[in-house]
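Reading through the structure tokens given below for one structure.
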Amino acid sequence: AGPRALCSLSPKMVRGVLTKARRATVAGSGRAATIGSARGSVVRAARSKRRAVAPRALDTFAINAMAHAVLRDVHAPEFMPLLVDNQRWAWPRWFAARRLASELAPYSRDIVGLSLASLIFGVWLATLALMFAQPESVMPNVFVGLGQGGLAKLASAAAVFVFRAWVTTGLFVTVHDAIHGQVTPSFSKLNHLIGSVLAFCYASFSYKLLYRDHWRHHADPTSEHDPDYYEGGLRTWLSRFMGHYSTFWQLFWESFQFWSFCAVGHRLLHIEFGSMVVRVAMIWALPSLVSGFQLFYFGTYLPHKDHPDSEHSSRSNDWPWVLSLLSCFHFGACHEEHHAFPTVAWWELPAVRAKRKRL
């Protein structure tokens with residue numbers, strides 16, 4: 001009864017019990033009287049408690065010392081499991097980790113989706129800042145180790161341009177996942193807030209309009225009601241596709257941001273205005289245009305051209321995983337799976353396609 005009763009007490013009550021036991025021993029009441037007194041106090045205090053509390057009584061040095069003194073005098077073996085030698089009481093690490101994992105398990109897709117969205121947005125922001133780096137040159141050189149020659153600068157500009165186009169594509173793919181509610185599936189408001197912010201960062205798009213038109217596309221792909229599908233060749237389709245999503249306010253904000261970037265670099269960092277125009281075009285504006293074509297060609301044109309004979313009027317391009325990721329974050333290689341399972345995030349599509357192929 002002793003250890004169980006002691007576990008149900010608060011730190012203050014245990015401190016009182018142990019103090020009383022020690023005083024009884026010092027007064028010479030004898031070993032039996034000491035144990036009986038301590039035990040009786042513990043039982044009485046435990047019965048007066050309505051609910052058990054965690055054994056926090058021995059998590060301070062003062063209480064540890066007091067407990068050692070009492071036990072050294074009365075030799076009560078039933079109290080020994082409750083002692084903590086010179087350290088604070090805590091749950092074992094494996095227990096805490098397992099408990100945390102069980103609590104986070106229902107939000108595993110939220111954690112992955114939010115982490116990937118944060119990573120893509122963070123890389124996009126970090127590389128955007130390159131337009132203000134190395135103000136003495138026309139374009140920043142990320143290959144400084146290769147020297148300052150013309151070839152190294154050209155390779156640097158090409159690498160920055162290509163990488164920026166790809167990560168900007170990832171930015172829109174994150175917006176697309178938000179439209180499908182898959183960035184943070186358990187937190188709808190946060191999901192759509194992320195989609196709204198990233199849609200504006202991508203190309204000053206209205207998230208509400210993107211949301212409306214994309215679900216129209218899913219409702220009836222390749223039909224006359226599909227805002228993403230147009231009869232004709234690649235050039236006709238692309239021009240009408242781009243024209244549909246280019247509005248006055250979208251073009252206004254894009255123009256405003258372009259010249260604002262140029263003004264900030266020229267006025268505050270004293271970069272030549274002509275150099276700033278080149279930097280903003282090569283690092284921000286043109287990669288966005290290229291990513292738009294990339295999304296259209298791999299994520300809309302190839303999957304839906306020629307009215308694919310499938311249940312969802314779409315096709316998947318059976319490409320390797322790396323090529324699928326580099327082309328359009330799996331929306332080209334797994335487009336039919338996306339239409340069949342619209343609540344699957346982009347990073348889950350390859351696994352879904354592999355499972356469908358096995359079946």
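Each chain of the structure tokens is named A, B, ... in the order shown, its residues numbered from 1; ligands are numbered from 1 in display order.
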| task | Skip A:Ala281 itself and residues of its chain fewer than 6 positions away, then list as a VMD selection string all residues within 10 Å of it, counting only C-alpha atoms. | result | chain A and resid 131 161 258 262 275 287 to 288
| said: Which residues are close to A:Trp215, i.e. within 9 Å by only C-alpha atoms, leaving aside same-chain residues fewer than 4 positions away? Reply as JSON, numbers by chain. | reply: {"A": [179, 180, 210, 211, 219, 220]}
Residues from last step as file, C-alpha atoms, as a tab-separated table (two decimals), in the first residue's frame:
```tsv
chain	number	residue	atom	x	y	z
A	179	ILE	CA	-6.76	23.71	-54.70
A	180	HIS	CA	-7.22	19.99	-54.09
A	210	LEU	CA	-7.79	29.30	-60.28
A	211	TYR	CA	-9.86	27.23	-57.86
A	219	ALA	CA	-15.61	18.06	-63.87
A	220	ASP	CA	-15.49	17.42	-67.64
```
| query | Interatomic distance between atom CA of A:Thr300 and atom CA of A:Leu359? | reply |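 Pair atom CA of A:Thr300 / atom CA of A:Leu359 returns 26.0 Å.
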| said: Using Å and a single decimal, report how far atom CA of A:Glu348 sits from atom CA of A:Val175. | reply: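 Distance reported for this atom pair: 15.9 Å.
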| message | Give me the residues near A:Val142 as a list in words, where near means some atom within 12 Å (using only C-alpha atoms) and where sequence neighbours in that chain fewer than 3 positions away do not count. | response | Thr127, Leu130, Met131, Ala133, Gln134, Ser137, Met139, Gly145, Leu146, Gly147, Gln148, Ala152, Lys153, Leu154, Ala155, Ser156, Ala157, Ala158, Ala159, Val160 and Phe161 of chain A
| query | Which residues, written as a PyMOL selection string, have at least one atom at most 12 Å from A:Met276, with only C-alpha atoms counted and residues fewer than 3 positions away on the same chain left out? | reply | chain A and resi 130-140+258-273+279-284
| said: For the structure I just gave you, how does DSSP split stretch 216-274 of chain A - specifically, which residues are helix (DSSP H, G or I)? Reply as a count of residues only. | reply: 39
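Distance annotation: of A:Gln250, A:Thr169, A:Ser206, A:Asn141, the residue with the minimal separation from A:Ser327 is A:Thr169; atom set is only C-alpha atoms.
Comparing the minimum interatomic distances between A:Ser108 and each of A:Ala203, A:Ala340, A:Leu234, A:Val183, counting only C-alpha atoms, we find that A:Val183 sits nearest.
Between atom CA of A:Ala351 and atom CA of A:Leu323 there is a distance of 15.2 Å.
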| message | Taking 4 positions as the minimum chain separation for residues in the same chain, which residues sit within 10 Å of stretch 308-315 of chain A when counting only C-alpha atoms? Answer as a PyMOL selection string. | response | chain A and resi 218-223+300-304+332-340
